[in-house]
Structure formats: structure tokens, C-alpha cells
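Source file: coords13.txt (compact mmCIF, C-alpha atoms)
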```txt
# COMPACT_ATOMS: atom_id res chain seq x y z
CA MET A 1 -131.51 19.42 37.06
CA LYS A 2 -129.54 16.31 36.15
CA LEU A 3 -130.04 12.82 37.56
CA TRP A 4 -126.97 11.83 39.54
CA GLU A 5 -125.66 8.29 39.11
CA PRO A 6 -123.28 7.06 41.82
CA SER A 7 -119.93 5.66 40.72
CA VAL A 8 -118.96 2.04 41.39
CA GLN A 9 -116.80 3.11 44.34
CA GLU A 10 -119.53 5.33 45.74
CA GLN A 11 -121.99 2.43 45.53
CA LYS A 12 -119.51 0.17 47.34
CA ASP A 13 -119.08 2.79 50.05
CA GLU A 14 -122.86 3.07 50.42
CA ASP A 15 -123.22 -0.72 50.63
CA LEU A 16 -120.52 -0.86 53.31
CA ALA A 17 -122.23 1.90 55.30
CA GLN A 18 -125.54 0.02 55.15
CA GLU A 19 -123.83 -3.22 56.18
CA ILE A 20 -122.26 -1.53 59.22
CA GLU A 21 -125.62 -0.01 60.17
CA GLU A 22 -127.35 -3.39 59.88
CA GLU A 23 -124.66 -5.08 61.98
CA HIS A 24 -125.17 -2.40 64.64
CA ILE A 25 -128.94 -3.05 64.64
CA GLU A 26 -128.29 -6.81 64.87
CA ARG A 27 -126.07 -6.39 67.91
CA GLN A 28 -128.66 -4.23 69.67
CA SER A 29 -131.59 -6.50 68.89
CA PRO A 30 -130.98 -9.74 66.95
CA PHE A 31 -133.48 -10.57 64.22
CA THR A 32 -136.39 -12.84 65.19
CA PHE A 33 -138.86 -14.35 62.75
CA SER A 34 -141.87 -14.07 65.06
CA LYS A 35 -141.48 -10.31 65.37
CA CYS A 36 -141.65 -10.08 61.58
CA HIS A 37 -144.64 -12.45 61.41
CA ILE A 38 -142.69 -15.16 59.57
CA PRO A 39 -143.80 -18.62 60.75
CA VAL A 40 -141.75 -21.72 61.45
CA GLY A 41 -141.74 -23.79 58.26
CA ALA A 42 -141.60 -20.75 55.99
CA THR A 43 -139.08 -20.67 53.16
CA ILE A 44 -136.70 -17.73 52.80
CA THR A 45 -134.33 -17.15 49.90
CA TYR A 46 -130.72 -15.97 49.88
CA PHE A 47 -129.73 -13.31 47.36
CA ASN A 48 -126.38 -11.67 46.80
CA ARG A 49 -126.35 -9.70 43.59
CA GLY A 50 -124.49 -11.46 40.80
CA LYS A 51 -123.14 -14.21 43.08
CA ALA A 52 -123.36 -17.92 42.37
CA ASN A 53 -125.40 -18.84 45.44
CA SER A 54 -128.21 -16.38 44.75
CA GLY A 55 -131.58 -18.09 44.79
CA LEU A 56 -130.74 -20.77 47.35
CA GLU A 57 -133.55 -21.50 49.81
CA CYS A 58 -133.65 -22.47 53.47
CA VAL A 59 -136.44 -23.20 55.95
CA VAL A 60 -137.24 -21.43 59.21
CA VAL A 61 -136.96 -23.96 62.07
CA ASP A 62 -137.32 -21.72 65.13
CA ASP A 63 -137.49 -18.04 66.04
CA LYS A 64 -133.82 -17.36 65.30
CA ALA A 65 -132.63 -20.18 63.05
CA VAL A 66 -133.01 -21.78 59.65
CA GLU A 67 -132.10 -25.17 58.23
CA TYR A 68 -129.94 -25.50 55.12
CA LYS A 69 -128.69 -28.86 53.80
CA GLY A 70 -129.63 -30.55 57.07
CA LYS A 71 -127.70 -28.10 59.25
CA LYS A 72 -129.03 -25.40 61.56
CA TYR A 73 -127.79 -21.81 61.18
CA SER A 74 -128.57 -18.30 62.28
CA ILE A 75 -129.35 -16.26 59.17
CA SER A 76 -126.20 -14.18 59.68
CA ALA A 77 -124.02 -17.28 59.94
CA LEU A 78 -125.58 -18.76 56.79
CA ALA A 79 -125.28 -15.48 54.88
CA THR A 80 -121.62 -15.28 55.84
CA GLU A 81 -120.99 -18.84 54.65
CA LEU A 82 -122.90 -18.45 51.37
CA SER A 83 -121.27 -15.12 50.57
CA GLY A 84 -117.78 -16.41 51.29
CA SER A 85 -117.10 -13.37 53.45
CA LYS A 86 -114.05 -13.35 55.70
CA HIS A 87 -116.03 -11.31 58.19
CA GLY A 88 -119.53 -11.69 59.61
CA VAL A 89 -122.36 -10.09 57.67
CA ALA A 90 -125.84 -8.97 58.71
CA GLY A 91 -128.12 -11.80 57.63
CA PRO A 92 -131.36 -9.80 57.15
CA ARG A 93 -129.71 -7.91 54.28
CA TYR A 94 -129.26 -11.13 52.30
CA PHE A 95 -132.57 -12.97 52.62
CA LYS A 96 -136.04 -12.37 51.25
CA TYR A 97 -139.42 -13.62 52.38
CA LYS A 98 -142.20 -13.49 49.78
CA GLY A 99 -140.11 -11.14 47.65
CA GLU A 100 -139.24 -8.67 50.43
CA TRP A 101 -135.90 -8.23 52.22
CA LEU A 102 -135.93 -9.28 55.86
CA ASN A 103 -134.31 -6.02 56.93
CA THR A 104 -137.07 -4.11 55.12
CA ILE A 105 -139.73 -6.13 56.94
CA ARG A 106 -138.03 -5.53 60.28
CA ALA A 107 -137.64 -1.80 59.66
CA ARG A 108 -141.35 -1.52 58.90
CA VAL A 109 -142.32 -3.47 62.03
CA GLU A 110 -140.01 -1.30 64.16
CA GLY A 111 -141.22 1.94 62.58
CA ARG A 112 -137.84 2.75 61.08
CA GLN A 113 -137.03 4.00 57.60
CA ASP A 114 -135.25 1.29 55.63
CA PRO A 115 -132.26 2.42 53.51
CA ALA A 116 -133.15 2.49 49.80
CA ARG A 117 -131.61 -0.39 47.83
CA VAL A 118 -131.82 1.02 44.34
CA GLU A 119 -129.06 -1.16 42.90
CA ASP A 120 -131.38 -4.14 42.45
CA VAL A 121 -134.72 -2.50 41.62
CA TRP A 122 -135.89 -1.76 38.07
CA VAL A 123 -138.86 -0.37 36.20
CA ILE A 124 -139.62 -2.04 32.87
CA PRO A 125 -142.39 -1.11 30.43
CA CYS A 126 -145.02 -3.31 28.84
CA ASN A 127 -146.99 -2.35 25.73
CA PRO A 128 -150.39 -4.08 26.06
CA LYS A 129 -150.78 -3.88 22.29
CA LEU A 130 -147.94 -6.39 22.04
CA TYR A 131 -148.45 -8.46 25.19
CA ASP A 132 -151.58 -8.83 27.33
CA ILE A 133 -149.86 -8.73 30.70
CA VAL A 134 -153.13 -8.19 32.56
CA GLY A 135 -154.48 -11.45 31.15
CA ALA A 136 -151.17 -13.23 31.75
CA PHE A 137 -151.06 -12.36 35.44
CA GLU A 138 -154.70 -13.34 35.87
CA LYS A 139 -153.69 -16.87 34.86
CA LEU A 140 -150.00 -17.22 35.75
CA ASP A 141 -147.65 -16.39 38.61
CA ASP A 142 -144.44 -16.75 36.56
CA ILE A 143 -143.78 -15.37 33.09
CA GLU A 144 -140.73 -14.96 30.85
CA TRP A 145 -139.39 -11.57 29.82
CA SER A 146 -136.60 -10.31 27.62
CA GLN A 147 -133.46 -9.63 29.64
CA THR A 148 -131.02 -6.78 29.25
CA ASN A 149 -127.65 -6.26 30.94
CA ASN A 150 -127.13 -6.01 34.69
CA THR A 151 -130.23 -7.93 35.77
CA SER A 152 -129.54 -10.52 38.48
CA VAL A 153 -131.47 -13.27 40.22
CA GLY A 154 -133.31 -11.73 43.17
CA ASP A 155 -133.73 -8.28 41.61
CA THR A 156 -137.08 -6.56 41.97
CA VAL A 157 -138.92 -5.51 38.81
CA TYR A 158 -141.83 -3.07 38.72
CA ILE A 159 -143.79 -3.27 35.47
CA TYR A 160 -145.20 -0.11 33.95
CA VAL A 161 -148.18 -0.87 31.68
CA GLY A 162 -148.84 1.61 28.90
CA GLY A 163 -151.90 1.97 26.66
CA GLU A 164 -155.13 2.59 28.55
CA TYR A 165 -153.48 1.95 31.93
CA LYS A 166 -150.43 4.26 32.10
CA ALA A 167 -149.37 3.06 35.53
CA ILE A 168 -147.10 0.68 37.40
CA MET A 169 -149.34 -2.31 38.01
CA TYR A 170 -147.05 -5.19 39.01
CA LYS A 171 -144.15 -5.92 41.33
CA CYS A 172 -142.12 -9.02 40.42
CA GLU A 173 -138.97 -10.84 41.48
CA VAL A 174 -136.37 -12.23 39.08
CA LEU A 175 -136.16 -16.02 39.49
CA GLU A 176 -133.80 -16.98 36.64
CA THR A 177 -131.56 -15.11 34.21
CA GLU A 178 -129.40 -15.85 31.18
CA LEU A 179 -132.02 -18.11 29.59
CA TYR A 180 -131.86 -18.86 25.88
CA GLY A 181 -133.54 -21.15 23.38
CA ASN A 182 -136.73 -23.02 24.19
CA ARG A 183 -139.12 -20.59 25.84
CA SER A 184 -142.15 -21.80 27.76
CA ASP A 185 -145.45 -21.91 25.89
CA GLU A 186 -147.49 -21.14 29.03
CA ASP A 187 -148.08 -17.52 28.09
CA LEU A 188 -147.98 -17.70 24.28
CA GLU A 189 -151.70 -16.89 24.08
CA PHE A 190 -151.01 -13.44 25.55
CA TYR A 191 -148.58 -12.33 22.84
CA LYS A 192 -150.05 -10.32 19.99
CA THR A 193 -146.87 -10.96 18.00
CA LEU A 194 -143.92 -13.16 18.93
CA SER A 195 -140.75 -13.78 16.96
CA VAL A 196 -138.98 -16.99 17.95
CA LYS A 197 -135.28 -16.16 18.13
CA PRO A 198 -133.19 -18.82 19.86
CA ASP A 199 -130.31 -16.43 20.51
CA VAL A 200 -132.47 -13.91 22.42
CA ARG A 201 -131.71 -13.76 26.14
CA TYR A 202 -134.60 -13.79 28.56
CA MET A 203 -135.38 -14.14 32.25
CA ARG A 204 -138.15 -15.66 34.35
CA ILE A 205 -139.98 -13.37 36.78
CA ARG A 206 -142.54 -14.13 39.49
CA LEU A 207 -145.47 -11.93 40.46
CA ILE A 208 -145.18 -10.57 43.99
CA GLU A 209 -147.89 -7.91 44.09
CA LYS A 210 -150.60 -6.39 41.88
CA TYR A 211 -151.73 -2.76 41.94
CA ASP A 212 -154.81 -1.01 40.63
CA LYS A 213 -154.07 1.42 37.81
CA ASP A 214 -154.89 4.34 40.14
CA THR A 215 -152.27 3.33 42.72
CA PHE A 216 -149.13 4.41 40.81
CA PRO A 217 -150.35 6.55 37.86
CA LEU A 218 -147.92 8.06 35.37
CA ALA A 219 -148.41 11.66 36.54
CA GLU A 220 -147.35 10.78 40.11
CA LEU A 221 -144.51 8.57 38.89
CA ARG A 222 -143.08 11.47 36.87
CA GLU A 223 -143.32 13.78 39.89
CA ARG A 224 -141.20 11.26 41.82
CA GLY A 225 -138.44 10.82 39.29
CA LEU A 226 -139.53 8.28 36.68
CA MET A 227 -138.15 9.82 33.50
CA ASN A 228 -138.37 6.95 31.01
CA VAL A 229 -141.43 4.79 30.32
CA GLN A 230 -140.19 3.59 26.92
CA GLY A 231 -137.32 1.45 28.19
CA ARG A 232 -135.97 -0.20 31.33
CA SER A 233 -134.64 2.12 34.03
CA LYS A 234 -133.24 1.83 37.55
CA VAL A 235 -135.35 3.39 40.28
CA THR A 236 -134.22 6.50 42.13
CA PRO A 237 -134.33 6.63 45.95
CA GLN A 238 -137.28 9.03 45.72
CA LEU A 239 -139.23 6.73 43.41
CA LEU A 240 -138.44 3.63 45.47
CA SER A 241 -139.62 5.36 48.64
CA TYR A 242 -142.89 6.22 46.89
CA LEU A 243 -143.39 2.67 45.61
CA SER A 244 -142.68 1.21 49.04
CA ILE A 245 -145.25 3.15 51.06
CA LYS A 246 -148.44 1.97 49.36
```

As C-alpha cells:
Amino acid sequence: MKLWEPSVQEQKDEDLAQEIEEEHIERQSPFTFSKCHIPVGATITYFNRGKANSGLECVVVDDKAVEYKGKKYSISALATELSGSKHGVAGPRYFKYKGEWLNTIRARVEGRQDPARVEDVWVIPCNPKLYDIVGAFEKLDDIEWSQTNNTSVGDTVYIYVGGEYKAIMYKCEVLETELYGNRSDEDLEFYKTLSVKPDVRYMRIRLIEKYDKDTFPLAELRERGLMNVQGRSKVTPQLLSYLSIK
């Protein structure tokens, strides 16, 4: 068996199909924050992979609207404006609450299966002999991590911890990318070795969820398509479905 990677055009076609499906759901039953247990006053964040406005925040002001720069919008209207789209887009596909897409939250509440969004979800490894990530996330919510190509603000990162753990133990969200130079000293105590290289690119990630080492053990991860625990890899639909149900 060989892992199939969709082409750029195939991915665009899949994204369009998901957008059409979300617009259909929106027309049948417009998104409401109360149904998804998101309170007035909560902050939600806009993400559009690789786009300049990714990471912008707005505040929920009533059951169907948010406020951005002093103006009231539906989430679909704001997503359309921020994306620069000539046509309306389905807002729940473009906003996250506490690191989770609004359309994913709604699908779960409604008992539907949410389409897998593998294009922005990664698995990255951590060697605890080099970095004490368990200690770091006991003390900190945000840490810095080396960045490779194709990582964007808003992406989801699952961290596989090797050594005695051999399991995915953390789910994080990418807050900032393309960072160079002066790294924070907040987590220096957790590095076993650290070479200061000003030209190394890194990103800032925020902890969303912790898991016990028995939740996503290596044996089960391999059964569900995780082939590489030595380097960063994109999740497969099968693996993402597994990670999303626990």
C-alpha cells in the first residue's frame, strides 16, 4: 500500500466541495453561538491558511453576531470581508474558538461527521532527552518551536513525545510563524542542549489540550496511519478522525 497525497488541484476541489456543503448547512440552519455553548463576550479567531489576516480576533456580541473594529458582523459577512472573496463564504469554516473550528463544534453538537481538514494539521515529534516538554507545559501555555516549510498561523500541531512516553500527548495551535533572532528565555530551563542560531526560523505554539500517554499510544497511532515519528508529518484523514474522537 502507498500513501496517497492529493494534488494541489485536487485539494482545491475538495476545499470547494466543503465550502459548498457548509454554505448549504448555513442556509438550512444559520450558525448560533448559544447552540455551540459559546458565550457572549467570548473571543473567536479568524484563520485562512497563509493569508495576511490570519490570527485576527473578534468578540461575540449576541447569538449570531460578532464585533470587529467597532462594527457588528455576522461571522459569514466578516469572513467574506477578511478573505477578500468576491462571493459569500461560510463563516464557521474560518473561525476558531479555543483552538477548534466553529464548524467542527457545530457538527459535533448536531451529531454530524465533520469533514477532515488535513491540510492544516500536523504531527511533530519531541525527544524528551533534548527538551523536557512535559515540564514545559506544566509551567507554560506558549512555547517556541523550530519551524519548517508550509506551517501557517492557525494550524493545529499534535506533539508526539518519544522516550518513555511513545505517544501523542499535546494538541497545540500555531500563534506566530516566521520568527527569527531573539528567542524567548521562558522555557530555556527545559532544554538539555540549545544552540543559539539567529538565522534559525521558529514559531510560537499554544497548548490547547493535554493527553495521558495511554490515550494515543504509538501502537494505535501506527494502526491508524502514522508512519513517521522521527520528523514532522501531515495527518491522514484516518489519523485525524482517530485523534478527534477522544

Using all atoms listed in the file, the shortest atom-to-atom distance to Ser241 in chain A among A:Arg106, A:Gly225, A:Thr32, A:Thr156 belongs to A:Gly225

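Nearest to Lys98 in chain A of all the residues A:Val229, A:Cys172, A:Leu243, A:Ala52 is A:Cys172, based on all atoms listed in the file.
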
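Residue nearest Glu178 in chain A within the list A:Val157, A:Met203, A:Val40, A:Leu221: A:Met203 [criterion: smallest interatomic distance, all atoms listed in the file].
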
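Here the question is which of A:Glu110, A:Glu209, A:Asp155, A:Asp62 gets nearest to Tyr94 in chain A using all atoms listed in the file, and that residue is A:Asp155.
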
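One finds CA of Tyr191 in chain A at 6.4 Å from CA of Asp132 in chain A.
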
For range 168-170 of chain A, find every residue with an atom within 12 Å (counting only C-alpha atoms), except residues of its own chain fewer than 3 positions away, and show them as an NGL selection string. :A and (122-126 or 133-134 or 136-138 or 141 or 156-163 or 165 or 173 or 205-222 or 226 or 229 or 239 or 242-243)

Write a file of the selected residues as a compact mmCIF listing (two decimals), in the frame of the given file, keeping C-alpha atoms.
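Generated output (selection.txt):
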```txt
# COMPACT_ATOMS: atom_id res chain seq x y z
CA TRP A 122 -135.89 -1.76 38.07
CA VAL A 123 -138.86 -0.37 36.20
CA ILE A 124 -139.62 -2.04 32.87
CA PRO A 125 -142.39 -1.11 30.43
CA CYS A 126 -145.02 -3.31 28.84
CA ILE A 133 -149.86 -8.73 30.70
CA VAL A 134 -153.13 -8.19 32.56
CA ALA A 136 -151.17 -13.23 31.75
CA PHE A 137 -151.06 -12.36 35.44
CA GLU A 138 -154.70 -13.34 35.87
CA ASP A 141 -147.65 -16.39 38.61
CA THR A 156 -137.08 -6.56 41.97
CA VAL A 157 -138.92 -5.51 38.81
CA TYR A 158 -141.83 -3.07 38.72
CA ILE A 159 -143.79 -3.27 35.47
CA TYR A 160 -145.20 -0.11 33.95
CA VAL A 161 -148.18 -0.87 31.68
CA GLY A 162 -148.84 1.61 28.90
CA GLY A 163 -151.90 1.97 26.66
CA TYR A 165 -153.48 1.95 31.93
CA GLU A 173 -138.97 -10.84 41.48
CA ILE A 205 -139.98 -13.37 36.78
CA ARG A 206 -142.54 -14.13 39.49
CA LEU A 207 -145.47 -11.93 40.46
CA ILE A 208 -145.18 -10.57 43.99
CA GLU A 209 -147.89 -7.91 44.09
CA LYS A 210 -150.60 -6.39 41.88
CA TYR A 211 -151.73 -2.76 41.94
CA ASP A 212 -154.81 -1.01 40.63
CA LYS A 213 -154.07 1.42 37.81
CA ASP A 214 -154.89 4.34 40.14
CA THR A 215 -152.27 3.33 42.72
CA PHE A 216 -149.13 4.41 40.81
CA PRO A 217 -150.35 6.55 37.86
CA LEU A 218 -147.92 8.06 35.37
CA ALA A 219 -148.41 11.66 36.54
CA GLU A 220 -147.35 10.78 40.11
CA LEU A 221 -144.51 8.57 38.89
CA ARG A 222 -143.08 11.47 36.87
CA LEU A 226 -139.53 8.28 36.68
CA VAL A 229 -141.43 4.79 30.32
CA LEU A 239 -139.23 6.73 43.41
CA TYR A 242 -142.89 6.22 46.89
CA LEU A 243 -143.39 2.67 45.61
```

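With distances restricted to all atoms listed in the file, A:Ile143 is the closest residue to Val174 in chain A from A:Leu188, A:Ala107, A:Ile44, A:Ile143.
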
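Residues in contact with Cys36 in chain A at 12 Å, where all atoms listed in the file are counted and same-chain residues fewer than 4 positions away are skipped, are listed as A:Pro30, A:Phe31, A:Thr32, A:Val40, A:Asp63, A:Lys64, A:Pro92, A:Lys96, A:Tyr97, A:Glu100, A:Trp101, A:Leu102, A:Asn103, A:Thr104, A:Ile105, A:Arg106, A:Ala107, A:Arg108, A:Val109, A:Glu110.
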
Point to revise | Val118 in chain A environment, 8 Å, all atoms listed in the file, sequence neighbours closer than 6 positions dropped, as a ChimeraX atom specification | key: /A:234-237,240

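If all atoms listed in the file are the atoms counted, then among A:Ser146, A:Lys171, A:Asn48, A:Thr177 the closest residue to Gly84 in chain A is A:Asn48.
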
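Between CA of Ser184 in chain A and CA of Gly50 in chain A the separation is 24.3 Å.
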